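In what follows, a structure is listed as structure tokens, so that the remarks can point back to it.
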Number of protein chains: 2
Amino acid sequence: MTYRLFYSPGACSLAPHIVLEELGVPYEGVRVVIAEGMNQKPEYLAVNPRGRVPALAYGPADSPRILTEASAIMIFLARSHPEAGLLPTEAESLARGVEWMSWLGSIVHQTGVRLVLRPDRFIADPAAHDALKARGRETARAAFADIEPRLAGQQWLLGDRFSVVDAYLLVFFRWGNRLGFAMRQDYPNYTAIMDRVRARPAVQRVVADEGIDIE
Amino acid sequence: MTYRLFYSPGACSLAPHIVLEELGVPYEGVRVVIAEGMNQKPEYLAVNPRGRVPALAYGPADSPRILTEASAIMIFLARSHPEAGLLPTEAESLARGVEWMSWLGSIVHQTGVRLVLRPDRFIADPAAHDALKARGRETARAAFADIEPRLAGQQWLLGDRFSVVDAYLLVFFRWGNRLGFAMRQDYPNYTAIMDRVRARPAVQRVVADEGIDIE
């Protein structure tokens, strides 16, 4: 069957969305807009009971399988289409890619960006939200300061070739802007790689398709 | 050089610790006790500036490289020693393993267990800690309820062979007990796999070495 990617505009599903477009394989994008609560509707919970995006449907059309988690979907797609070379196969380089995706997806996303954008998911009382947001911004800012020197002199995140991890990094760059950080000014190494990512035709198609802006 | 694993007893570093012992390769364990703040000391920040465990040192003895993130370390070790068969190589099974590790490491750890055990990392005001802990317990309980039916009839998490993901799952089982959940009573499928994990000689050696209990 054709792949189906369940995504919300600008969510971390943006990264596997880019990967599908880069691969040039047939796929269908299905919008599950988090801001409209679509990820908690019965229709989507039947796809992914965890109510999160992204999810990828693949396999037999009459009994598709579902894979979740951005990093897992990207590794699956890259390994299923090795000719595109979107993820290193050698142990150490592969592990570096996973290290980046794990740290971004756990610490930076869940204890940084998400504290700012969704404090209600951590504590119901709105009186506590300002403190949570402040802590989340602090964690996100420290993360960007951590990322910047690691990218010095790099053409792409993992070296001389575009990989799925560059696509993932774009999600966080965009979130940095959304959090009000001066990404272009404060993080020039990061910006340089992101400008190369955004210049890719596949990325431009996905950004237009999701209807999002990237500063 | 010999591998060096920086770990804190009972932290998620337990999983790569088990993997090293399972592989039977020479390694040195270095205790970085989080409860004593050792992970924020200059000595450790020189190893991993992010101040988190686990970290793995490998490569030339005079200029070792450092790899962080439990999932990345386990994938690196499994791929570097493929003869042990600790992680599937086929795209779909590998992706399933990464899906588990990503979800456990982000949602279950960072927005569940960590809210309960380290609410101060999210908000300074102790008055807000009870609400954070309650939310964390709710997330952790939902996660265990999610895990349980997925393990029905499974010998091991990924099928018929022990993998690094079984080791990772043990960390969360132990945390469930620490959070006061009746793990053995409420989650029999999960318990059955964990009993098989704990029966492994390598796991017993690591548990003794770290000096931890597993109910």
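Letters A, B, ... go to the chains of the structure tokens in the order shown; residues in each chain start at 1; ligands are counted from 1 in the same order.
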Each residue of chain B with at least one atom at most 8 Å from chain A should appear once, together with its nearest atom pair and the corresponding distance in Å (one decimal); atoms considered: only C-alpha atoms; ordering: chain, then increasing residue number; output as JSON lines.
```
{"residue": "B:Leu67", "atom": "CA", "partner": "A:Glu99", "partner_atom": "CA", "distance": 7.4}
{"residue": "B:Thr68", "atom": "CA", "partner": "A:Glu99", "partner_atom": "CA", "distance": 6.3}
{"residue": "B:Glu69", "atom": "CA", "partner": "A:Glu99", "partner_atom": "CA", "distance": 5.6}
{"residue": "B:Ser71", "atom": "CA", "partner": "A:Val98", "partner_atom": "CA", "distance": 7.3}
{"residue": "B:Ala72", "atom": "CA", "partner": "A:Ala95", "partner_atom": "CA", "distance": 4.9}
{"residue": "B:Ile73", "atom": "CA", "partner": "A:Ala95", "partner_atom": "CA", "distance": 6.9}
{"residue": "B:Ile75", "atom": "CA", "partner": "A:Ala95", "partner_atom": "CA", "distance": 6.3}
{"residue": "B:Phe76", "atom": "CA", "partner": "A:Ala95", "partner_atom": "CA", "distance": 5.3}
{"residue": "B:Arg79", "atom": "CA", "partner": "A:Ala91", "partner_atom": "CA", "distance": 5.5}
{"residue": "B:Ser80", "atom": "CA", "partner": "A:Ala91", "partner_atom": "CA", "distance": 6.0}
{"residue": "B:Ala91", "atom": "CA", "partner": "A:Arg79", "partner_atom": "CA", "distance": 5.5}
{"residue": "B:Glu92", "atom": "CA", "partner": "A:Phe76", "partner_atom": "CA", "distance": 6.1}
{"residue": "B:Leu94", "atom": "CA", "partner": "A:Phe76", "partner_atom": "CA", "distance": 7.6}
{"residue": "B:Ala95", "atom": "CA", "partner": "A:Ala72", "partner_atom": "CA", "distance": 4.9}
{"residue": "B:Arg96", "atom": "CA", "partner": "A:Ala72", "partner_atom": "CA", "distance": 7.0}
{"residue": "B:Val98", "atom": "CA", "partner": "A:Ala72", "partner_atom": "CA", "distance": 5.2}
{"residue": "B:Glu99", "atom": "CA", "partner": "A:Ala72", "partner_atom": "CA", "distance": 4.9}
{"residue": "B:Ser102", "atom": "CA", "partner": "A:Glu69", "partner_atom": "CA", "distance": 6.6}
{"residue": "B:Trp103", "atom": "CA", "partner": "A:Glu69", "partner_atom": "CA", "distance": 6.8}
{"residue": "B:Gly105", "atom": "CA", "partner": "A:Ser106", "partner_atom": "CA", "distance": 6.4}
{"residue": "B:Ser106", "atom": "CA", "partner": "A:Ser106", "partner_atom": "CA", "distance": 4.1}
{"residue": "B:Ile107", "atom": "CA", "partner": "A:Gln110", "partner_atom": "CA", "distance": 7.3}
{"residue": "B:Gln110", "atom": "CA", "partner": "A:Gln110", "partner_atom": "CA", "distance": 6.5}
{"residue": "B:Thr111", "atom": "CA", "partner": "A:Gln110", "partner_atom": "CA", "distance": 6.8}
{"residue": "B:Phe122", "atom": "CA", "partner": "A:Leu132", "partner_atom": "CA", "distance": 6.4}
{"residue": "B:Ile123", "atom": "CA", "partner": "A:Leu132", "partner_atom": "CA", "distance": 6.0}
{"residue": "B:Ala128", "atom": "CA", "partner": "A:Ala128", "partner_atom": "CA", "distance": 7.3}
{"residue": "B:Ala131", "atom": "CA", "partner": "A:Ile123", "partner_atom": "CA", "distance": 6.4}
{"residue": "B:Leu132", "atom": "CA", "partner": "A:Ile123", "partner_atom": "CA", "distance": 6.0}
{"residue": "B:Arg135", "atom": "CA", "partner": "A:Phe122", "partner_atom": "CA", "distance": 6.5}
{"residue": "B:Gly136", "atom": "CA", "partner": "A:Phe122", "partner_atom": "CA", "distance": 7.9}
```
Would you mind listing what lies within 12 Å of A:Val203 as a PyMOL selection string, with only C-alpha atoms counted and same-chain residues fewer than 5 positions away left out? chain A and resi 14-24+162+164+166-168+170-171+194-198+208-210+212-214
Could you please take those selected residues and save N, CA and C atoms as a CSV table (one decimal), in the first residue's frame?
```csv
chain,number,residue,atom,x,y,z
A,14,LEU,N,6.6,17.0,11.0
A,14,LEU,CA,7.2,17.7,9.9
A,14,LEU,C,8.4,17.0,9.4
A,15,ALA,N,9.2,16.4,10.3
A,15,ALA,CA,10.5,15.8,9.9
A,15,ALA,C,10.2,14.5,9.1
A,16,PRO,N,9.4,13.5,9.5
A,16,PRO,CA,9.1,12.4,8.7
A,16,PRO,C,8.3,12.8,7.4
A,17,HIS,N,7.6,13.9,7.5
A,17,HIS,CA,6.9,14.4,6.3
A,17,HIS,C,7.9,14.8,5.2
A,18,ILE,N,9.0,15.5,5.6
A,18,ILE,CA,10.1,15.8,4.7
A,18,ILE,C,10.8,14.6,4.2
A,19,VAL,N,11.0,13.6,5.1
A,19,VAL,CA,11.7,12.4,4.7
A,19,VAL,C,10.9,11.7,3.6
A,20,LEU,N,9.6,11.6,3.7
A,20,LEU,CA,8.8,10.9,2.7
A,20,LEU,C,8.9,11.7,1.3
A,21,GLU,N,8.9,13.0,1.4
A,21,GLU,CA,9.0,13.8,0.2
A,21,GLU,C,10.4,13.7,-0.4
A,22,GLU,N,11.4,13.6,0.4
A,22,GLU,CA,12.8,13.4,-0.1
A,22,GLU,C,12.9,12.1,-0.8
A,23,LEU,N,12.3,11.1,-0.3
A,23,LEU,CA,12.4,9.7,-0.8
A,23,LEU,C,11.7,9.7,-2.2
A,24,GLY,N,10.7,10.5,-2.4
A,24,GLY,CA,10.0,10.5,-3.7
A,24,GLY,C,9.1,9.3,-3.8
A,162,PHE,N,23.1,15.2,3.7
A,162,PHE,CA,21.8,15.5,4.3
A,162,PHE,C,21.2,14.2,4.9
A,164,VAL,N,18.1,12.4,7.8
A,164,VAL,CA,16.8,12.6,8.5
A,164,VAL,C,17.0,13.5,9.7
A,166,ASP,N,18.8,16.2,10.0
A,166,ASP,CA,18.7,17.6,9.6
A,166,ASP,C,17.2,18.0,9.5
A,167,ALA,N,16.4,17.1,9.0
A,167,ALA,CA,14.9,17.4,8.9
A,167,ALA,C,14.4,17.6,10.3
A,168,TYR,N,14.8,16.7,11.3
A,168,TYR,CA,14.3,16.8,12.6
A,168,TYR,C,14.8,18.1,13.3
A,170,LEU,N,15.2,20.9,11.9
A,170,LEU,CA,14.4,22.0,11.4
A,170,LEU,C,13.1,22.3,12.3
A,171,VAL,N,12.5,21.2,12.8
A,171,VAL,CA,11.4,21.4,13.7
A,171,VAL,C,11.7,22.2,14.9
A,194,MET,N,20.2,25.0,8.5
A,194,MET,CA,18.8,25.1,8.3
A,194,MET,C,18.5,25.8,7.0
A,195,ASP,N,19.3,26.8,6.6
A,195,ASP,CA,19.1,27.4,5.3
A,195,ASP,C,19.3,26.4,4.1
A,196,ARG,N,20.3,25.5,4.3
A,196,ARG,CA,20.5,24.5,3.3
A,196,ARG,C,19.3,23.5,3.3
A,197,VAL,N,18.8,23.2,4.5
A,197,VAL,CA,17.6,22.3,4.5
A,197,VAL,C,16.4,22.9,3.8
A,198,ARG,N,16.2,24.2,4.1
A,198,ARG,CA,15.0,24.9,3.5
A,198,ARG,C,15.2,25.1,2.0
A,208,ALA,N,5.0,24.1,2.1
A,208,ALA,CA,3.8,24.7,1.4
A,208,ALA,C,2.6,23.8,1.7
A,209,ASP,N,2.8,22.5,1.7
A,209,ASP,CA,1.7,21.6,1.9
A,209,ASP,C,1.2,21.7,3.3
A,210,GLU,N,2.0,21.8,4.3
A,210,GLU,CA,1.6,22.0,5.7
A,210,GLU,C,1.0,23.4,6.0
A,212,ILE,N,2.9,26.2,6.7
A,212,ILE,CA,3.5,26.8,7.8
A,212,ILE,C,4.6,27.8,7.3
A,213,ASP,N,5.0,28.6,8.2
A,213,ASP,CA,6.1,29.6,7.9
A,213,ASP,C,7.4,29.1,8.7
A,214,ILE,N,8.5,29.3,8.1
A,214,ILE,CA,9.8,29.1,8.7
A,214,ILE,C,10.6,30.4,8.6
```
Assign secondary structure with DSSP using the backbone only, and return the residues of stretch 29-213 of chain A in alpha helix (DSSP H) as JSON, numbers by chain. {"A": [42, 43, 44, 45, 70, 71, 72, 73, 74, 75, 76, 77, 78, 79, 80, 91, 92, 93, 94, 95, 96, 97, 98, 99, 100, 101, 102, 103, 114, 115, 116, 117, 129, 130, 131, 132, 133, 134, 135, 136, 137, 138, 139, 140, 141, 142, 143, 144, 145, 146, 147, 148, 149, 150, 164, 165, 166, 167, 168, 169, 170, 171, 172, 173, 174, 175, 176, 177, 178, 183, 184, 185, 186, 188, 189, 190, 191, 192, 193, 194, 195, 196, 197, 198, 201, 202, 203, 204, 205, 206, 207, 208, 209, 210]}
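Atom CA of A:Ser163 is found 25.5 Å from atom CA of A:Leu179.
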